[in-house]
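S.K.: Got a structure for you, written out below as structure tokens; questions coming shortly.
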Amino acid sequence: MSGSPITLAEVEFFNANGWLLTRPFTPEETARIVTWVSEVQNWQEDKTNSSWFQYFEMTDDGPKICRSENFIPFHEGLRDLLTKSVLTATADLLLGEASVLYKEKINYKLPGGAGYSPHQDAPAYPFVNNHVSCMIAVDDSLLQNGCLEVVSARHQDLLPMDERGCIRNDVVEGFDWQPVEVRAGEVLWFHSLAPHRSGPNNSSHPRRAIYPTYNSLSQGNLRDAYYAEKLRMFQESANDSGRTRVSLIGDFEGRPV
Ligand SMILES: O=C(O)CCC(=O)C(=O)O
């Protein structure tokens, strides 16, 4: 696999475990990514939902931004990063065929920000069944600020879910959860059936991360359809969950503003 962004052994590790940690970016590239994410973080909320989406959560220190979505049409650097870089070449290898960007988000998890209940991503992704995501760490993602935790080798099937669309408690308790600390500029790939969760940010440092999701191009270029469907579902159903709604499943534990 000469010239390949990842080795055959890494593809095999991903296929066996459902996740893979890679180090594709130089310190200079990482610094650029940090700048770009800070730019999007400061964009005003578009209440008409005709451009990017910004989401907020309540913390003990007041409301804070918790997520941005649909930002690549409005940011060239991030668009190139997510659609024509080492990331797309890696997604092709992990999917075993040509990939296309399905959706993108930034989770900010600022100090005091909430974690995510144990879940698989697949139930939140309509129209496609072959997809892979990664977490590009913008800040060091560590135990104290709510790094991801994964379960190895449990990405074969959809697991039993609770009423929020998260993994049922009795199943969660039987799993061996493994925290994966990811340094700024490192990338954690995970299969859309890989069980994962994360705790709150109990530190004084942000834990920002970009999460692009790629699907097999053979299933179509569905990014616009995904965001249209998400908006439709958010508009058609009231959120009475007591949590901030950021996803088509109720995995985010953030308090509403
Ligand atoms: O950012 C995190 O801590 C978890 C993210 C996640 O699992 C999600 O957004 O579905």
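Letters for chains follow the order of the structure tokens (A, B, ...), residue numbers begin at 1 for each chain, and ligand numbers begin at 1 in the order shown.
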Please identify the residues whose atoms come within 7 Å of ligand 1, using only C-alpha atoms and all ligand atoms, and report them as a list of chain:residue names.

M.R.: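 Result of the 7 Å neighbour search around ligand 1: A:Asn107, A:Lys109, A:Gly115, A:Tyr116, A:Asp121, A:Gly146, A:Cys147, A:Leu148, A:His196, A:Arg197, A:Ser198, A:Gly199, A:Ala209, A:Asp251.
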
S.K.: I need the chosen residues saved as a PDB file, in the first residue's frame, with C-alpha atoms.

M.R.:
ATOM      1  CA  ASN A 107     -18.676  19.377  19.007  1.00  0.00           C
ATOM      2  CA  LYS A 109     -17.579  20.532  24.775  1.00  0.00           C
ATOM      3  CA  GLY A 115     -21.238  14.277  27.625  1.00  0.00           C
ATOM      4  CA  TYR A 116     -22.961  11.784  25.327  1.00  0.00           C
ATOM      5  CA  ASP A 121     -24.349   6.410  15.227  1.00  0.00           C
ATOM      6  CA  GLY A 146     -14.551  14.184  28.224  1.00  0.00           C
ATOM      7  CA  CYS A 147     -12.685  12.069  25.688  1.00  0.00           C
ATOM      8  CA  LEU A 148     -14.502   9.375  23.730  1.00  0.00           C
ATOM      9  CA  HIS A 196     -19.204   4.941  22.022  1.00  0.00           C
ATOM     10  CA  ARG A 197     -19.929   7.490  24.733  1.00  0.00           C
ATOM     11  CA  SER A 198     -18.201  10.378  26.498  1.00  0.00           C
ATOM     12  CA  GLY A 199     -18.304  12.130  29.842  1.00  0.00           C
ATOM     13  CA  ALA A 209     -13.448  18.190  17.826  1.00  0.00           C
ATOM     14  CA  ASP A 251     -27.558  10.913  22.871  1.00  0.00           C
TER      15      ASP A 251
END

S.K.: With only C-alpha atoms as the counted atoms, please give the residues lying no more than 7 Å from A:His191, apart from itself and same-chain residues fewer than 5 positions off, as an MDAnalysis selection string.

M.R.: chainID A and resid 18:19 132:133 155

S.K.: Okay, now the selection with N, CA and C atoms, as a PDB file, in the first residue's frame?

M.R.:
ATOM      1  N   GLY A  18     -13.388  -1.898  15.016  1.00  0.00           N
ATOM      2  CA  GLY A  18     -14.412  -0.876  14.822  1.00  0.00           C
ATOM      3  C   GLY A  18     -13.903   0.527  15.085  1.00  0.00           C
ATOM      4  N   TRP A  19     -12.609   0.699  15.367  1.00  0.00           N
ATOM      5  CA  TRP A  19     -12.041   2.040  15.553  1.00  0.00           C
ATOM      6  C   TRP A  19     -10.552   2.004  15.223  1.00  0.00           C
ATOM      7  N   VAL A 132     -18.755   5.757   7.763  1.00  0.00           N
ATOM      8  CA  VAL A 132     -17.679   5.763   8.755  1.00  0.00           C
ATOM      9  C   VAL A 132     -17.476   7.223   9.177  1.00  0.00           C
ATOM     10  N   SER A 133     -17.123   7.425  10.446  1.00  0.00           N
ATOM     11  CA  SER A 133     -16.909   8.784  10.958  1.00  0.00           C
ATOM     12  C   SER A 133     -15.538   8.871  11.584  1.00  0.00           C
ATOM     13  N   HIS A 155     -19.027  -4.016  16.661  1.00  0.00           N
ATOM     14  CA  HIS A 155     -19.594  -3.156  15.619  1.00  0.00           C
ATOM     15  C   HIS A 155     -20.254  -3.985  14.510  1.00  0.00           C
TER      16      HIS A 155
END

S.K.: Could you give me, as a VMD selection string, the residues within 12 Å of A:Leu81, counting only C-alpha atoms and dropping anything in the same chain fewer than 2 positions from it?

M.R.: chain A and resid 24 to 25 29 to 30 32 to 33 36 to 37 72 75 to 79 83 to 89 101 104 136 210 to 212

S.K.: Can you tell me, as number ranges by chain, what residues are no more than 12 Å from A:Glu57 when counting only C-alpha atoms, ignoring any on the same chain fewer than 2 positions away?

M.R.: A: 54-55, 59-67, 107-115, 242-246, 252-257

S.K.: DSSP on the backbone: which residues in stretch 44-184 of chain A end up as strand (DSSP E)? Give the answer as an MDAnalysis selection string.

M.R.: chainID A and resid 53:59 62:69 99:107 116:119 131:137 148:150 178:180

S.K.: Using only C-alpha atoms, find the one residue out of A:Leu217, A:Val138, A:Thr90, A:Arg207 that sits nearest to A:Ser4.

M.R.: A:Thr90

S.K.: Would you please give, as JSON, numbers by chain, all residues of stretch 1-147 of chain A that DSSP assigns to alpha helix (DSSP H) based on the backbone?

M.R.: {"A": [8, 9, 10, 11, 12, 13, 14, 15, 16, 17, 27, 28, 29, 30, 31, 32, 33, 34, 35, 36, 37, 38, 39, 40, 41, 76, 77, 78, 79, 80, 81, 82, 83, 86, 87, 88, 89, 90, 91, 92, 93, 94, 95]}

S.K.: Which residues are near A:Phe53? Cut-off 8 Å, only C-alpha atoms, ignore same chain within fewer than 5 positions. Put them as a list in words.

M.R.: Glu45, Asp46, Ser68, Glu69, Asn70 and Phe71 of chain A

S.K.: When you look at A:Phe13 with a cut-off of 12 Å (counting only C-alpha atoms), what residues show up, excluding the ones that are within fewer than 4 positions of it in the same chain? I need them as a list in words.

M.R.: Ile6, Thr7, Leu8, Ala9, Asn17, Gly18, Trp19, Leu20, Leu21, Thr22, Leu94, Ser152, Ala153, Trp189, Phe190 and His191 of chain A

S.K.: Keeping only C-alpha atoms, write those residues as a compact mmCIF listing (two decimals), in the first residue's frame.

M.R.:
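After the write, result37.txt holds the following:
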# COMPACT_ATOMS: atom_id res chain seq x y z
CA ILE A 6 -2.97 4.13 6.26
CA THR A 7 -1.42 0.67 6.14
CA LEU A 8 -3.14 -2.61 5.43
CA ALA A 9 -2.52 -3.54 9.09
CA ASN A 17 -12.09 -3.46 16.38
CA GLY A 18 -14.41 -0.88 14.82
CA TRP A 19 -12.04 2.04 15.55
CA LEU A 20 -8.56 3.29 14.63
CA LEU A 21 -6.34 6.14 15.84
CA THR A 22 -4.29 7.92 13.14
CA LEU A 94 -12.02 1.99 5.57
CA SER A 152 -13.76 -2.83 20.75
CA ALA A 153 -15.05 -5.45 18.35
CA TRP A 189 -11.92 6.76 13.15
CA PHE A 190 -14.96 4.76 14.20
CA HIS A 191 -17.45 2.49 12.49
